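*Asks:* Below: one structure in structure tokens.
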Number of protein chains: 2
Amino acid sequence: MDKLQNIIEKIKKPNLSLAKQAQARLDSLTKPRGSLGRLEELAKQVVSITGNLSHKIKKKAIVVMAADHGVVEEGISAYPGEVTGQMVYNFLDGGAAINVLARHIGAEVLVVDIGVAADFQEHQWLMLKKIDHGTKNMVKGPAMTYDQAVKSLEVGIEAAEKMINKGYDIIATGDMGIGNTTASSAIAAVICRTDIESVTGCGTGIDNRCLENKINVIKKAISVNKPDAADGIDVLSKVGGFEIGGIAGIILGCAAGRTPVVIDGFISGAGALIASAISPDSTNYMIASHCSAEKGHRIVLDKLGLKPLFNFDMRLGEGTGAAIGINIAEASVKILNEMATFSQAGVSEKNG
Amino acid sequence: MDKLQNIIEKIKKPNLSLAKQAQARLDSLTKPRGSLGRLEELAKQVVSITGNLSHKIKKKAIVVMAADHGVVEEGISAYPGEVTGQMVYNFLDGGAAINVLARHIGAEVLVVDIGVAADFQEHQWLMLKKIDHGTKNMVKGPAMTYDQAVKSLEVGIEAAEKMINKGYDIIATGDMGIGNTTASSAIAAVICRTDIESVTGCGTGIDNRCLENKINVIKKAISVNKPDAADGIDVLSKVGGFEIGGIAGIILGCAAGRTPVVIDGFISGAGALIASAISPDSTNYMIASHCSAEKGHRIVLDKLGLKPLFNFDMRLGEGTGAAIGINIAEASVKILNEMATFSQAGVSEKNG
């Protein structure tokens, strides 16, 4: 808890005067003012986060938090729970979608076993930080203890600190956990104070009958556990998941370390809700990559006040949308650093 | 005209059976079916265009067509006409936004002087194909002759063929031409059969008084020239621009050469309208990168039946949005080629 408290106290607002300086520089470059739209906004956000007007993105990482969910026994997923562990091997072997996209953008993928049912050997790109072999079934009581929830946040913070210390200057969040849209919908319903139906979708691809069951399971979990919307750790412990806590921890660790953190889809959004409930200032460090096809993600983004960069109807998780988001953030910073000014290029400025 | 006719006859529909095969492969990969949304759609489009299920994008190019516009003397732009030529030097020196984004995605930038008022020396990345020193003022008569319009299309075709022959396997369209949103709005109004106000915006940044003048100039140009909406070459010659014809030519050349062509913003959209009026099948080869901030672009995209990948409120042109589009298309093809299947990775498939 000391580690978490210490990190929360370190999170300050970004340096907005640098955003102003960045805009002045952007306005001196050979293009009509504001004509690069969101790329300009992104560049300003990155420099105000890092505190460096000439910030370059050189080392990029996607951190994939993996864990299992006791609630899977309620039949809420299209895939069997064993897929979580199988996918961890797929990540380490480089065969998953996130590996392909990470290679495409020149990023590394760090996987964290924060609570997978299966056990793993050591591996260069795997952090062994298992809190338990999956959460408990949240319809029967809390998914985890309060201490475990704090621990999951601290594992995320540790992962962020490790990568920042290794020189990674932008980090994306990713998730793997069969059953985790159920936990994320529960978190979204509680923190966004909305009805469960509005934030519960088909996840990896369940049919309408299963969706009805999933909604009922979430209703029961919330009614049994009565999470306190104002207490992010309470919500996380009662209806969350270890990987969701880990994602929230990555965000808090990045915010404290003045490092931009690119948020992936619905599960990462649930993690971001937990992070923002714990430290509202942490939202300033978040870059929302995409709005996913998963029902409820738009509501989550609105609650966070984040405008996603794109909507590709993706619903895979793993950090796949965030990988593309990193690439766009990198482009925005290059615009700020590498373009010629009007005077350098001898180009005439606007009339009158 | 023979060259153009020959190319039009070569444009066939893409191979849709390959799109089916690609979907079958996508469904065998370690992810829920359809969960990569538009990336899956893009991958299918690319392989159906190229006719190769294992198509890899290795060489990427952005072709920037540059030309001046006689209508600038009507005071329709925020920038003086000389900026077109100055920006050509900026492109060749690597200082413009498109150079930064091209380096970011690993693409080359080929500039084509298809009608700039200024004259240039030879340069490795400049094609000297000047048709005239800018178009004529379209409020006083046709912007160019019918023969010049055909010639501008043929220059675009030649540029596309040159790049395809050099092994470039995806090409993006870009533009530079002070005054060219005026010509593009005129083309959009005629071909989309809509009122001029709906497709006329602020371009590089004119104020409301100038916008009113711009709308009146376009009205006058259309009323003086009476372009025939059904004849793309007639529209191009009367209210178009050399670079817009060049862009239409790139698209036709790519369609004939079975090469995906990524369309940039509003000006490239006007070129795409001309291309689709000349060869409706050419739209199958177009990948719409973004919806720009320029008023009317959405109407143009709807007319073409294209769904843009993203909306970053960009309004720069040069191919800047298309560069990011190339990068996303490349990612989509890598997903198809590089991911592990369920059986390769030993991952369990969906329940039941």
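Labels used: A, B, ... for chains in the order of the structure tokens, numbers from 1 for residues in each chain, and numbers from 1 for ligands as shown.
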Near chain A, meaning an atom within 7 Å, which residues of chain B appear when counting only C-alpha atoms? Write them as a PyMOL selection string.
*Replies:* chain B and resi 30-32+35-38+78-80+83+86-87+90+95-97+100-101+104+204-205+310+312-316+331+334-335+338-340+345-351
*Asks:* Do you know which residues are at most 10 Å from Ala67 (chain A) counting only C-alpha atoms, after dropping those on the same chain fewer than 6 positions away, and could you put them as a VMD selection string?
*Replies:* chain A and resid 81 84 to 85 88 112 to 118 130 to 135 175 to 180 241 to 244 246
*Asks:* Write out as a VMD selection string the set of residues from region 156-340 of chain B that DSSP, computed on the backbone, places in alpha helix (DSSP H).
*Replies:* chain B and resid 156 to 165 180 to 191 208 to 225 232 to 239 242 to 256 266 to 278 297 to 304 320 to 338
*Asks:* Using only C-alpha atoms, determine which residues lie at most 12 Å from Gly271 (chain A), disregarding the query and same-chain residues fewer than 5 positions distant; provide the list as number ranges by chain.
*Replies:* A: 65, 149, 152-153, 156, 173-175, 180-181, 183-188, 191, 232-233, 235-236, 240-252, 263-266, 276-278, 282-283, 286, 297, 300-301, 304
*Asks:* When distances are computed from only C-alpha atoms, which of B:Lys307, B:Arg193, B:Lys129, B:Arg25 shows the smallest separation from Leu53 (chain B)?
*Replies:*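 Using only C-alpha atoms, the shortest distance to Leu53 (chain B) belongs to B:Arg25.
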*Asks:* When you draw a straight line from CA of Lys12 (chain A) to CA of Asp281 (chain A), how long is it in Å?
*Replies:*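 Distance reported for this atom pair: 6.8 Å.
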*Asks:* Which parts of region 119-329 of chain B does DSSP call strand (DSSP E or B) when run on the backbone here, written out as a ChimeraX atom specification?
*Replies:* /B:123,126-128,170-176,261-263,286-288,290,310
